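Q: Contents of entry06.cif (mmCIF, C-alpha atoms and all ligand atoms) are given next:
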```cif
data_coords
loop_
_atom_site.label_atom_id
_atom_site.label_comp_id
_atom_site.auth_asym_id
_atom_site.auth_seq_id
_atom_site.Cartn_x
_atom_site.Cartn_y
_atom_site.Cartn_z
CA MET A 1387 2.24 39.17 -31.52
CA SER A 1388 -1.47 39.71 -31.10
CA ALA A 1389 -4.07 37.08 -30.42
CA GLU A 1390 -5.73 38.19 -33.68
CA ILE A 1391 -2.66 37.16 -35.69
CA ALA A 1392 -2.60 33.75 -33.99
CA ARG A 1393 -6.28 33.27 -34.73
CA ALA A 1394 -5.79 34.39 -38.32
CA LEU A 1395 -2.95 31.90 -38.81
CA ASN A 1396 -5.18 29.12 -37.51
CA THR A 1397 -7.88 30.21 -39.94
CA LEU A 1398 -5.37 29.98 -42.79
CA ALA A 1399 -4.23 26.50 -41.73
CA ARG A 1400 -7.82 25.32 -41.57
CA ALA A 1401 -8.57 26.79 -45.01
CA ALA A 1402 -5.55 24.98 -46.45
CA THR A 1403 -6.78 21.58 -45.26
CA PHE A 1404 -9.93 21.81 -47.40
CA ALA A 1405 -7.79 21.57 -50.54
CA PRO A 1406 -8.01 18.49 -52.77
CA SER A 1407 -5.15 15.99 -52.81
CA GLY A 1408 -4.42 12.80 -54.73
CA ASP A 1409 -6.50 10.02 -53.07
CA ASN A 1410 -7.07 12.40 -50.13
CA THR A 1411 -3.54 11.85 -48.87
CA GLN A 1412 -3.27 15.46 -47.55
CA PRO A 1413 0.49 15.59 -48.14
CA TRP A 1414 1.17 18.62 -45.95
CA ARG A 1415 2.23 19.73 -42.52
CA PHE A 1416 2.05 23.15 -40.99
CA GLU A 1417 4.39 25.12 -38.88
CA ILE A 1418 2.83 28.15 -37.29
CA ASP A 1419 5.04 30.83 -35.83
CA ALA A 1420 2.58 33.19 -34.20
CA CYS A 1421 5.39 35.45 -33.01
CA ALA A 1422 6.59 36.15 -36.54
CA GLY A 1423 3.04 36.05 -37.95
CA ARG A 1424 4.10 33.24 -40.26
CA ILE A 1425 2.65 29.96 -41.40
CA THR A 1426 4.74 27.44 -43.31
CA LEU A 1427 3.18 24.69 -45.36
CA ARG A 1428 5.58 21.79 -45.90
CA LEU A 1429 5.16 18.95 -48.34
CA ASP A 1430 5.17 15.70 -46.34
CA GLU A 1431 6.67 13.03 -48.59
CA SER A 1432 5.66 10.26 -46.23
CA ARG A 1433 1.97 10.77 -46.97
CA ASP A 1434 1.96 9.56 -50.56
CA ARG A 1435 4.64 7.15 -51.72
CA SER A 1436 2.45 5.73 -54.47
CA PRO A 1437 3.78 5.23 -58.01
CA MET A 1438 1.19 7.77 -59.18
CA ASN A 1439 3.10 10.42 -57.24
CA GLY A 1440 6.59 9.96 -58.73
CA GLY A 1441 8.85 12.91 -57.88
CA ASN A 1442 6.03 14.12 -55.56
CA ARG A 1443 4.40 15.89 -58.48
CA MET A 1444 0.81 15.19 -57.37
CA SER A 1445 1.67 16.22 -53.81
CA ARG A 1446 3.17 19.51 -55.04
CA ILE A 1447 -0.01 20.21 -57.00
CA ALA A 1448 -2.05 19.55 -53.85
CA CYS A 1449 0.19 21.91 -51.86
CA GLY A 1450 -0.41 24.57 -54.53
CA ALA A 1451 -4.17 24.15 -54.05
CA ALA A 1452 -3.74 24.46 -50.27
CA LEU A 1453 -1.69 27.65 -50.73
CA GLU A 1454 -4.40 29.06 -52.97
CA ASN A 1455 -6.94 28.45 -50.20
CA MET A 1456 -4.77 30.39 -47.76
CA HIS A 1457 -4.26 33.35 -50.13
CA ARG A 1458 -7.97 33.44 -50.92
CA THR A 1459 -8.92 33.36 -47.24
CA ALA A 1460 -6.51 36.17 -46.39
CA ARG A 1461 -7.81 38.21 -49.33
CA ARG A 1462 -11.43 37.71 -48.34
CA HIS A 1463 -10.74 38.85 -44.80
CA GLY A 1464 -8.80 41.85 -46.05
CA TRP A 1465 -5.62 40.61 -44.39
CA ARG A 1466 -2.29 41.56 -45.89
CA VAL A 1467 -0.24 38.47 -46.67
CA PHE A 1468 2.86 37.80 -48.72
CA GLU A 1469 4.89 34.73 -49.63
CA VAL A 1470 8.30 34.78 -47.97
CA PRO A 1471 11.08 33.55 -50.31
CA ALA A 1472 11.62 29.84 -49.71
CA SER A 1473 14.46 28.86 -47.42
CA GLU A 1474 14.18 25.17 -48.29
CA PRO A 1475 12.61 23.10 -51.06
CA HIS A 1476 9.01 21.97 -50.71
CA ALA A 1477 8.12 24.53 -48.08
CA TRP A 1478 6.14 27.71 -48.57
CA THR A 1479 5.83 30.44 -45.96
CA LEU A 1480 3.16 33.12 -45.79
CA GLU A 1481 3.56 36.13 -43.55
CA LEU A 1482 0.60 38.09 -42.27
CA SER A 1483 1.36 41.72 -41.71
CA ARG A 1484 -2.09 43.11 -41.01
CA VAL A 1485 -5.24 41.48 -39.76
CA ALA A 1486 -8.53 42.90 -38.70
CA LEU A 1487 -11.23 41.15 -36.76
CA THR A 1488 -13.46 40.56 -39.74
CA HIS A 1489 -15.77 37.72 -40.54
CA ALA A 1490 -15.73 36.44 -44.11
CA ASP A 1491 -18.04 33.64 -45.16
CA ASP A 1492 -16.57 31.40 -47.83
CA ALA A 1493 -18.85 28.41 -48.26
CA ALA A 1494 -17.11 27.31 -51.48
CA LEU A 1495 -13.97 26.23 -49.61
CA GLU A 1496 -15.85 23.56 -47.65
CA ASP A 1497 -18.49 22.83 -50.30
CA ARG A 1498 -15.96 22.00 -53.03
CA THR A 1499 -15.77 18.27 -53.48
CA THR A 1500 -14.93 15.61 -56.02
CA ASN A 1501 -18.09 14.32 -57.68
CA ARG A 1502 -17.49 11.02 -59.48
CA ARG A 1503 -21.11 10.38 -60.40
CA MET A 1504 -22.37 10.50 -63.97
CA TYR A 1505 -23.33 14.08 -64.91
CA ASP A 1506 -26.40 15.04 -66.97
CA GLY A 1507 -24.56 16.46 -70.00
CA ARG A 1508 -26.53 19.72 -69.93
CA ALA A 1509 -24.82 22.59 -71.76
CA ILE A 1510 -23.26 25.32 -69.64
CA SER A 1511 -24.67 28.75 -70.48
CA GLY A 1512 -22.50 31.38 -72.13
CA THR A 1513 -22.86 33.57 -69.05
CA THR A 1514 -21.62 30.85 -66.72
CA LEU A 1515 -18.71 29.99 -69.02
CA ALA A 1516 -17.78 33.67 -69.18
CA ALA A 1517 -17.83 33.84 -65.36
CA LEU A 1518 -15.58 30.76 -65.16
CA ARG A 1519 -13.16 32.16 -67.73
CA ASN A 1520 -13.12 35.45 -65.89
CA ALA A 1521 -12.39 33.77 -62.55
CA THR A 1522 -9.44 31.90 -64.05
CA ALA A 1523 -7.99 34.62 -66.28
CA GLY A 1524 -4.64 36.19 -65.45
CA ASP A 1525 -3.02 33.02 -64.20
CA HIS A 1526 0.65 33.02 -63.27
CA GLU A 1527 2.86 33.11 -66.34
CA GLU A 1528 3.77 29.45 -65.76
CA VAL A 1529 0.19 28.24 -66.33
CA ARG A 1530 -2.93 28.92 -68.37
CA THR A 1531 -6.46 27.66 -67.76
CA VAL A 1532 -8.64 26.80 -70.74
CA TRP A 1533 -12.27 25.68 -70.89
CA LEU A 1534 -13.43 23.28 -73.61
CA ASP A 1535 -17.16 22.75 -74.03
CA SER A 1536 -17.53 21.13 -77.47
CA LYS A 1537 -18.71 17.54 -77.82
CA ASP A 1538 -15.64 16.87 -79.98
CA SER A 1539 -13.33 17.92 -77.14
CA LEU A 1540 -15.14 15.63 -74.71
CA LYS A 1541 -15.02 12.77 -77.22
CA GLY A 1542 -11.33 13.28 -77.96
CA PHE A 1543 -10.39 13.51 -74.29
CA ALA A 1544 -12.51 10.45 -73.41
CA LYS A 1545 -10.46 8.39 -75.89
CA LEU A 1546 -7.17 9.74 -74.59
CA GLU A 1547 -8.02 9.34 -70.91
CA GLY A 1548 -9.63 5.93 -71.52
CA ALA A 1549 -6.42 4.69 -73.14
CA ALA A 1550 -4.37 6.07 -70.22
CA PHE A 1551 -6.72 4.32 -67.76
CA GLU A 1552 -6.12 1.00 -69.51
CA ARG A 1553 -2.33 1.41 -69.35
CA MET A 1554 -2.42 2.51 -65.73
CA TYR A 1555 -4.76 -0.21 -64.44
CA ALA A 1556 -2.77 -2.85 -66.32
CA LEU A 1557 -0.16 -2.55 -63.56
CA LYS A 1558 -0.81 -4.34 -60.30
CA GLU A 1559 1.39 -1.84 -58.42
CA ILE A 1560 -0.96 0.96 -59.43
CA ARG A 1561 -4.15 -1.01 -58.75
CA LYS A 1562 -2.87 -1.85 -55.31
CA ALA A 1563 -1.80 1.73 -54.53
CA ILE A 1564 -5.25 3.01 -55.51
CA ALA A 1565 -7.09 0.31 -53.54
CA ASP A 1566 -4.92 1.03 -50.47
CA ASN A 1567 -6.42 4.52 -50.29
CA ILE A 1568 -10.03 3.37 -50.60
CA ARG A 1569 -11.44 2.93 -47.11
CA PHE A 1570 -13.16 -0.43 -47.52
CA ASP A 1571 -12.77 -0.76 -43.73
CA ALA A 1572 -15.24 2.08 -43.09
CA PRO A 1573 -18.96 2.48 -43.90
CA PRO A 1574 -19.37 3.67 -47.53
CA ASN A 1575 -20.51 7.16 -46.52
CA ALA A 1576 -18.17 7.69 -43.54
CA ARG A 1577 -16.28 10.99 -43.58
CA VAL A 1578 -12.93 9.27 -43.26
CA GLU A 1579 -10.07 11.58 -42.31
CA TYR A 1580 -7.61 9.88 -44.65
CA GLY A 1581 -8.22 8.25 -48.04
CA MET A 1582 -11.56 7.97 -49.79
CA PRO A 1583 -14.82 6.51 -48.52
CA SER A 1584 -16.00 3.86 -50.97
CA GLY A 1585 -19.28 5.75 -51.41
CA ALA A 1586 -17.36 8.68 -52.95
CA LEU A 1587 -16.34 6.56 -55.93
CA GLY A 1588 -19.71 6.76 -57.62
CA LEU A 1589 -19.74 3.02 -58.36
CA ASN A 1590 -22.56 0.48 -58.03
CA GLY A 1591 -22.18 -2.55 -55.75
CA VAL A 1592 -20.78 -4.84 -58.44
CA GLN A 1593 -18.27 -2.24 -59.65
CA LEU A 1594 -17.22 -1.57 -56.08
CA ALA A 1595 -16.65 -5.26 -55.36
CA ALA A 1596 -14.67 -5.54 -58.61
CA SER A 1597 -12.53 -2.52 -57.75
CA ARG A 1598 -11.56 -4.23 -54.50
CA LEU A 1599 -10.92 -7.56 -56.18
CA ILE A 1600 -8.79 -6.36 -59.09
CA ALA A 1601 -6.05 -5.01 -56.84
CA GLY A 1602 -4.93 -8.57 -56.13
CA LEU A 1603 -5.44 -10.15 -59.56
CA PRO A 1604 -2.51 -10.88 -61.86
CA ASP A 1605 -2.00 -8.45 -64.74
CA TRP A 1606 -2.58 -11.11 -67.42
CA LEU A 1607 -6.03 -11.86 -66.03
CA LEU A 1608 -6.96 -8.18 -66.14
CA ARG A 1609 -5.86 -7.97 -69.76
CA THR A 1610 -7.52 -11.16 -70.97
CA SER A 1611 -10.78 -10.93 -69.02
CA GLY A 1612 -11.94 -7.64 -70.51
CA MET A 1613 -11.82 -5.98 -67.08
CA LEU A 1614 -9.40 -3.31 -68.29
CA LYS A 1615 -11.81 -2.39 -71.07
CA ALA A 1616 -14.66 -2.17 -68.54
CA ILE A 1617 -12.64 0.16 -66.28
CA SER A 1618 -11.73 2.43 -69.15
CA ALA A 1619 -15.33 2.35 -70.49
CA HIS A 1620 -16.54 3.68 -67.13
CA ALA A 1621 -14.06 6.57 -67.23
CA LYS A 1622 -15.04 7.37 -70.81
CA GLN A 1623 -18.71 7.35 -69.87
CA GLN A 1624 -17.98 9.77 -67.02
CA ILE A 1625 -16.35 12.16 -69.49
CA HIS A 1626 -19.13 11.77 -72.09
CA SER A 1627 -21.70 12.64 -69.39
CA SER A 1628 -19.91 15.94 -68.70
CA SER A 1629 -20.59 19.39 -70.13
CA ALA A 1630 -17.04 20.70 -70.40
CA LEU A 1631 -13.41 20.23 -69.50
CA CYS A 1632 -11.21 22.60 -67.59
CA VAL A 1633 -7.57 22.12 -68.57
CA VAL A 1634 -4.64 23.71 -66.74
CA LEU A 1635 -1.72 24.05 -69.14
CA ALA A 1636 1.80 24.41 -67.81
CA LYS A 1637 4.99 25.61 -69.44
CA ASP A 1638 7.32 22.95 -68.00
CA TYR A 1639 7.85 20.21 -65.40
CA GLU A 1640 9.56 22.43 -62.81
CA ASP A 1641 8.61 22.04 -59.15
CA ALA A 1642 7.50 25.68 -58.92
CA THR A 1643 5.25 25.19 -61.94
CA ASP A 1644 3.47 22.27 -60.24
CA VAL A 1645 2.59 24.61 -57.38
CA CYS A 1646 1.18 27.14 -59.87
CA VAL A 1647 -0.85 24.32 -61.44
CA GLY A 1648 -2.32 23.57 -58.00
CA LYS A 1649 -3.20 27.22 -57.43
CA ALA A 1650 -4.84 27.48 -60.85
CA LEU A 1651 -6.88 24.29 -60.54
CA GLN A 1652 -8.14 25.36 -57.14
CA ARG A 1653 -9.20 28.77 -58.48
CA ALA A 1654 -11.11 26.96 -61.22
CA TRP A 1655 -12.68 24.40 -58.88
CA LEU A 1656 -13.85 27.03 -56.38
CA ALA A 1657 -15.35 29.08 -59.21
CA LEU A 1658 -17.16 25.95 -60.41
CA THR A 1659 -18.48 25.31 -56.91
CA GLU A 1660 -19.78 28.87 -56.70
CA GLU A 1661 -21.56 28.36 -60.03
CA GLY A 1662 -23.23 25.15 -58.79
CA LEU A 1663 -21.20 22.89 -61.07
CA SER A 1664 -19.70 19.51 -60.19
CA ALA A 1665 -16.14 18.53 -61.04
CA GLN A 1666 -13.80 15.55 -61.00
CA PRO A 1667 -10.10 15.48 -61.81
CA MET A 1668 -9.38 12.99 -64.63
CA MET A 1669 -5.71 12.39 -64.18
CA ALA A 1670 -4.86 8.97 -65.65
CA PHE A 1671 -3.11 10.73 -68.57
CA ALA A 1672 -1.11 12.82 -66.08
CA VAL A 1673 -0.21 9.77 -64.00
CA VAL A 1674 1.18 7.86 -66.97
CA GLU A 1675 3.00 10.98 -68.17
CA ASN A 1676 4.48 11.46 -64.72
CA MET A 1677 5.68 7.86 -64.73
CA LEU A 1678 7.44 8.67 -67.98
CA VAL A 1679 9.06 11.81 -66.57
CA SER A 1680 9.75 10.91 -62.94
CA GLY A 1681 8.73 7.30 -62.47
CA ASP A 1682 10.50 4.13 -61.49
CA GLU A 1683 12.44 2.60 -64.41
CA ALA A 1684 11.18 -0.96 -63.97
CA LEU A 1685 7.57 0.15 -63.72
CA LEU A 1686 7.99 2.38 -66.75
CA ARG A 1687 9.22 -0.57 -68.79
CA LYS A 1688 6.10 -2.50 -67.78
CA LEU A 1689 3.94 0.48 -68.64
CA GLY A 1690 5.47 0.81 -72.12
CA VAL A 1691 7.16 4.08 -73.08
CA GLU A 1692 5.97 4.11 -76.67
CA SER A 1693 2.34 3.48 -75.90
CA VAL A 1694 2.32 6.25 -73.30
CA GLU A 1695 3.95 8.64 -75.76
CA ALA A 1696 1.33 7.72 -78.35
CA ILE A 1697 -1.45 8.47 -75.85
CA LEU A 1698 0.04 11.86 -74.93
CA ASP A 1699 0.59 12.77 -78.60
CA ARG A 1700 -3.17 12.86 -78.98
CA TRP A 1701 -3.29 16.07 -76.97
CA THR A 1702 -2.06 18.20 -79.86
CA GLY A 1703 -4.97 17.12 -82.06
CA LEU A 1704 -7.35 18.00 -79.24
CA LEU A 1705 -5.85 21.23 -78.05
CA PRO A 1706 -3.52 23.20 -80.37
CA GLN A 1707 -1.97 24.95 -77.33
CA ALA A 1708 -0.69 21.55 -76.22
CA ALA A 1709 2.00 21.83 -78.91
CA SER A 1710 3.85 24.37 -76.77
CA LEU A 1711 2.30 23.93 -73.33
CA ARG A 1712 1.82 20.75 -71.34
CA PRO A 1713 -1.70 19.77 -70.16
CA ALA A 1714 -1.02 19.33 -66.45
CA PHE A 1715 -4.45 18.96 -64.85
CA VAL A 1716 -7.92 18.21 -66.19
CA LEU A 1717 -11.27 18.57 -64.48
CA ARG A 1718 -14.38 17.19 -66.10
CA VAL A 1719 -17.22 19.55 -65.35
CA GLY A 1720 -21.00 19.39 -65.36
CA TYR A 1721 -24.29 19.20 -63.50
CA ALA A 1722 -25.01 16.27 -61.21
CA PRO A 1723 -26.69 15.33 -57.95
CA ALA A 1724 -24.42 15.60 -54.91
CA PRO A 1725 -21.97 12.73 -54.38
CA LEU A 1726 -23.18 9.93 -52.08
CA ALA A 1727 -20.17 10.43 -49.82
CA ARG A 1728 -17.38 12.92 -49.27
CA SER A 1729 -13.88 12.57 -47.92
CA GLY A 1730 -13.14 14.12 -44.55
CA ARG A 1731 -9.96 15.80 -43.37
CA GLN A 1732 -7.55 15.49 -40.54
CA PRO A 1733 -8.44 18.34 -38.20
CA ALA A 1734 -6.33 21.46 -38.14
CA PRO A 1735 -4.96 23.00 -36.21
CA ALA A 1736 -4.72 20.51 -33.40
CA LEU A 1737 -1.37 19.69 -31.98
CA THR A 1738 -2.21 16.02 -31.75
CA SER A 1739 -3.19 15.54 -35.39
CA HIS A 1740 -0.80 14.45 -38.09
CA ALA A 1741 -1.55 17.49 -40.23
CA VAL A 1742 -0.11 19.81 -37.59
CA ARG A 1743 2.17 17.44 -35.79
CA GLU A 1744 5.09 19.76 -36.31
CA THR A 1745 3.21 22.88 -35.51
CA VAL A 1746 5.42 25.20 -33.54
CA TRP A 1747 3.83 27.80 -31.35
CA SER A 1748 6.51 30.27 -30.56
CA ASN A 1749 5.49 32.71 -27.82
CA ALA A 1750 1.88 31.88 -28.47
CA PRO A 1751 -0.36 34.37 -26.72
C1 LIG B 1 -3.16 16.04 -57.89
C2 LIG B 1 -4.53 15.45 -57.78
C3 LIG B 1 -4.90 14.38 -58.59
C4 LIG B 1 -6.18 13.83 -58.50
N1 LIG B 1 -6.54 12.81 -59.36
C5 LIG B 1 -7.80 12.33 -59.33
C6 LIG B 1 -8.23 11.38 -60.29
O1 LIG B 1 -7.49 11.01 -61.23
N2 LIG B 1 -9.50 10.91 -60.21
C7 LIG B 1 -10.35 11.32 -59.23
O2 LIG B 1 -11.49 10.85 -59.20
N3 LIG B 1 -9.98 12.24 -58.31
C8 LIG B 1 -8.73 12.75 -58.33
N4 LIG B 1 -8.35 13.72 -57.44
C9 LIG B 1 -9.30 14.17 -56.41
C10 LIG B 1 -8.94 13.59 -55.04
O3 LIG B 1 -9.16 12.19 -54.98
C11 LIG B 1 -9.77 14.31 -53.97
O4 LIG B 1 -9.40 15.67 -53.97
C12 LIG B 1 -9.59 13.75 -52.58
O5 LIG B 1 -10.06 12.43 -52.50
C13 LIG B 1 -10.32 14.58 -51.52
O6 LIG B 1 -11.69 14.63 -51.81
P1 LIG B 1 -12.46 16.00 -52.11
O7 LIG B 1 -11.89 16.59 -53.37
O8 LIG B 1 -13.89 15.59 -52.26
O9 LIG B 1 -12.25 16.92 -50.95
C14 LIG B 1 -7.10 14.32 -57.53
C15 LIG B 1 -6.73 15.43 -56.74
C16 LIG B 1 -5.47 15.99 -56.87
C17 LIG B 1 -5.11 17.20 -56.04
#
```
As a first step, turn the structure in this file into structure tokens.
A:
Amino acid sequence: MSAEIARALNTLARAATFAPSGDNTQPWRFEIDACAGRITLRLDESRDRSPMNGGNRMSRIACGAALENMHRTARRHGWRVFEVPASEPHAWTLELSRVALTHADDAALEDRTTNRRMYDGRAISGTTLAALRNATAGDHEEVRTVWLDSKDSLKGFAKLEGAAFERMYALKEIRKAIADNIRFDAPPNARVEYGMPSGALGLNGVQLAASRLIAGLPDWLLRTSGMLKAISAHAKQQIHSSSALCVVLAKDYEDATDVCVGKALQRAWLALTEEGLSAQPMMAFAVVENMLVSGDEALLRKLGVESVEAILDRWTGLLPQAASLRPAFVLRVGYAPAPLARSGRQPAPALTSHAVRETVWSNAP
């Protein structure tokens, strides 16, 4: 196999690592078989054992986003690539059959980032919305991407997501899992290779100190002190400051559908980046729903099945399509200054790094 194929496979692996993942857990590993011209992306369950990731749903979505980055990179270079039918669950193999020594700039891959600051609420022009809709049209049949830019939609979603935030943060297990992935040990703007730098949270000093403190507080204190309300008020304010929502709707809870959700959200997020728009996933509703569908029984009892169902029922009033399709991923979208810090990535490919620990070079040139 040619040196070009090996280089191209490395380029694909690197592109994949720029994908978003829940709390920057990067739940993937790569296996590169330069001889066969193949790269396999495997979901690594050990990377995110948090209760937010029950059944590995969030990790599968992240893997879908990483796959989208690889397809996009191959397309942009004019390389021919196809997905080889899976030989095992939670592994996806791409095979390159033709590469040319081309150079294709794709700034959006690296520029895309989660911006948790308040946005300025400015309306998005019709032309920009049309470009976004165009970039996300023709999704896989398992998913559909919709864009909502009315104030009523933002208001309705803020209520729904705010309520989900309150339920989620009421559980110490969740607060602790979130805090564990915030890198309080590093300078706020450090490009940490795992987890999130505290500067990326878009919080002021007091809020940051509180977010560290609440992980260890008993649930009753959270409920009675008004802290839960404050946390949910912040999330609601973030949504109110936005210009629109991008919602990825899915037809079911199948594993393969989660991967399609990841591909679709990444297409949307890269299109947003190219249009100069900021975005942040708002996934408390999806976390509590996932706890209902695939979560731990004891934790679900603490969370309260009926109250979660009541929160999720609000979707149908907000989005008629939600009667038949399931909202699976939401990005709030708008204009904002750049985030004060960004998460880094484990380097790829490098045989010593975790992300490519199992990389296999067979007959590497
Ligand atoms: C499945 C999934 C769920 C996410 N949920 C949230 C969320 O609820 N809130 C949030 O601020 N960011 C969320 N994110 C964004 C990640 O925290 C972010 O992608 C990661 O920290 C890496 O940072 P980057 O996007 O700036 O590269 C989510 C990302 C994925 C893929």
Q: What does the distance from CA of Leu1427 (chain A) to CA of Met1444 (chain A) come to in Å, to one decimal?
A: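 According to the coordinates, CA of Leu1427 (chain A) and CA of Met1444 (chain A) are separated by 15.5 Å.
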Q: Considering all atoms listed in the file, state which residue in the set A:Val1485, A:Ala1389, A:Ile1418, A:Ala1727 is at the smallest distance from Thr1500 (chain A).
A: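 The shortest atom-to-atom distance to Thr1500 (chain A) comes from A:Ala1727.
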Q: Which neighbours of region 1694-1702 of chain A fall inside 10 Å, counting all atoms listed in the file, when residues of the same chain fewer than 3 positions from it are skipped, and could you give them as a list of chain:residue names?
A: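 Near region 1694-1702 of chain A, the qualifying residues are A:Gly1542, A:Phe1543, A:Lys1545, A:Leu1546, A:Glu1547, A:Gly1548, A:Ala1549, A:Ala1550, A:Arg1553, A:Met1554, A:Phe1671, A:Ala1672, A:Val1674, A:Glu1675, A:Met1677, A:Leu1678, A:Leu1686, A:Leu1689, A:Gly1690, A:Val1691, A:Leu1705, A:Pro1706, A:Gln1707, A:Ala1708, A:Ala1709, A:Ser1710, A:Leu1711, A:Arg1712, A:Pro1713.
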Q: Can you write out as a Markdown table which residues of chain A fall within 7 Å of ligand LIG 1 (chain B), alongside each residue's closest atom pair and its distance in Å to one decimal, counting only C-alpha atoms and all ligand atoms and ordering rows by chain and ascending residue number?
A:
```
| residue | atom | partner | partner_atom | distance |
| --- | --- | --- | --- | --- |
| A:Phe1404 | CA | B:LIG1 | O9 | 6.5 |
| A:Ala1405 | CA | B:LIG1 | O9 | 6.5 |
| A:Pro1406 | CA | B:LIG1 | O4 | 3.4 |
| A:Ser1407 | CA | B:LIG1 | C17 | 3.4 |
| A:Gly1408 | CA | B:LIG1 | C16 | 4.0 |
| A:Asp1409 | CA | B:LIG1 | O3 | 3.9 |
| A:Asn1410 | CA | B:LIG1 | C12 | 3.8 |
| A:Met1444 | CA | B:LIG1 | C1 | 4.1 |
| A:Ser1445 | CA | B:LIG1 | C1 | 6.3 |
| A:Ile1447 | CA | B:LIG1 | C1 | 5.3 |
| A:Ala1448 | CA | B:LIG1 | C17 | 4.4 |
| A:Arg1498 | CA | B:LIG1 | O9 | 6.6 |
| A:Thr1499 | CA | B:LIG1 | O8 | 3.5 |
| A:Thr1500 | CA | B:LIG1 | O8 | 3.9 |
| A:Asn1501 | CA | B:LIG1 | O8 | 7.0 |
| A:Arg1502 | CA | B:LIG1 | O2 | 6.0 |
| A:Gly1581 | CA | B:LIG1 | O5 | 6.4 |
| A:Met1582 | CA | B:LIG1 | O5 | 5.4 |
| A:Gln1666 | CA | B:LIG1 | O2 | 5.5 |
| A:Pro1667 | CA | B:LIG1 | C5 | 4.6 |
| A:Met1668 | CA | B:LIG1 | O1 | 4.4 |
| A:Met1669 | CA | B:LIG1 | O1 | 3.7 |
| A:Ala1670 | CA | B:LIG1 | O1 | 5.5 |
| A:Arg1728 | CA | B:LIG1 | O8 | 5.3 |
| A:Ser1729 | CA | B:LIG1 | O6 | 4.9 |
```
Q: Could you check which of A:Phe1715, A:Tyr1639, A:Phe1570, A:Trp1606 is closest to Trp1655 (chain A), using all atoms listed in the file?
A: A:Phe1715
Q: Is there a way to get, as a PyMOL selection string, all residues within 9 Å of the point (-14.2, 8.3, -67.9) in file coordinates, counting all atoms listed in the file?
A: chain A and resi 1544-1545+1547-1548+1551+1617-1627+1668
Q: Write the residues of the preceding selection, restricted to C-alpha atoms, as a PDB file, in the coordinates of the input.
A:
```pdb
ATOM      1  CA  ALA A1544     -12.510  10.450 -73.410  1.00  0.00           C
ATOM      2  CA  LYS A1545     -10.460   8.390 -75.890  1.00  0.00           C
ATOM      3  CA  GLU A1547      -8.020   9.340 -70.910  1.00  0.00           C
ATOM      4  CA  GLY A1548      -9.630   5.930 -71.520  1.00  0.00           C
ATOM      5  CA  PHE A1551      -6.720   4.320 -67.760  1.00  0.00           C
ATOM      6  CA  ILE A1617     -12.640   0.160 -66.280  1.00  0.00           C
ATOM      7  CA  SER A1618     -11.730   2.430 -69.150  1.00  0.00           C
ATOM      8  CA  ALA A1619     -15.330   2.350 -70.490  1.00  0.00           C
ATOM      9  CA  HIS A1620     -16.540   3.680 -67.130  1.00  0.00           C
ATOM     10  CA  ALA A1621     -14.060   6.570 -67.230  1.00  0.00           C
ATOM     11  CA  LYS A1622     -15.040   7.370 -70.810  1.00  0.00           C
ATOM     12  CA  GLN A1623     -18.710   7.350 -69.870  1.00  0.00           C
ATOM     13  CA  GLN A1624     -17.980   9.770 -67.020  1.00  0.00           C
ATOM     14  CA  ILE A1625     -16.350  12.160 -69.490  1.00  0.00           C
ATOM     15  CA  HIS A1626     -19.130  11.770 -72.090  1.00  0.00           C
ATOM     16  CA  SER A1627     -21.700  12.640 -69.390  1.00  0.00           C
ATOM     17  CA  MET A1668      -9.380  12.990 -64.630  1.00  0.00           C
TER      18      MET A1668
END
```
Q: Residues within 8 Å of (-11.8, 20.2, -74.4), file coordinates, counting only C-alpha atoms: what are they? Give the list as a PyMOL selection string.
A: chain A and resi 1533-1536+1538-1540+1542-1543+1630-1633+1704-1705
Q: Neighbours of Ala1452 (chain A) within 12 Å (all atoms listed in the file; same-chain residues fewer than 4 positions away dropped), as a count of residues only?
A: 39
Q: Using only C-alpha atoms, what does the table of region 1649-1693 of chain A residues within 12 Å of region 1505-1510 of chain A look like, with each row giving the shortest atom pair and its distance in Å to one decimal, sorted by chain and ascending number, as a tab-separated table?
A:
```
residue	atom	partner	partner_atom	distance
A:Leu1658	CA	A:Ile1510	CA	11.1
A:Glu1661	CA	A:Ile1510	CA	10.2
A:Gly1662	CA	A:Ile1510	CA	10.9
A:Leu1663	CA	A:Ile1510	CA	9.1
A:Ser1664	CA	A:Tyr1505	CA	8.1
A:Ala1665	CA	A:Tyr1505	CA	9.3
A:Gln1666	CA	A:Tyr1505	CA	10.4
```
Q: Which distance in Å separates CA of Asp1492 (chain A) and CA of Arg1466 (chain A), to one decimal?
A: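 Separation of CA of Asp1492 (chain A) and CA of Arg1466 (chain A): 17.6 Å.
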Q: Kindly indicate which residue among A:Ala1472, A:Leu1482, A:Ala1477, A:Ala1684 lies nearest to Ala1394 (chain A), using all atoms listed in the file for the distances.
A: A:Leu1482
Q: Work out how far CA of Leu1594 (chain A) is from CA of Lys1558 (chain A), in Å to one decimal.
A: 17.2 Å
Q: Given the choices A:Ala1460, A:Val1529, A:Glu1552, A:Leu1717, which gets closest to Ser1693 (chain A) if the distance is worked out from all atoms listed in the file?
A: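 The answer is A:Glu1552, which sits nearest to Ser1693 (chain A).
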Q: Ranking A:Ser1584, A:Ala1494, A:Thr1479, A:Thr1488 by minimum distance to Glu1660 (chain A) and counting all atoms listed in the file, which one comes first?
A: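 Under the stated criterion, the closest residue is A:Ala1494.
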Q: Under the rule that all atoms listed in the file are counted, which of A:Ile1568, A:Cys1421, A:Ala1714, A:Ile1560 is the nearest residue to Gly1681 (chain A)?
A: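 Nearest candidate to Gly1681 (chain A) out of A:Ile1568, A:Cys1421, A:Ala1714, A:Ile1560: A:Ile1560.
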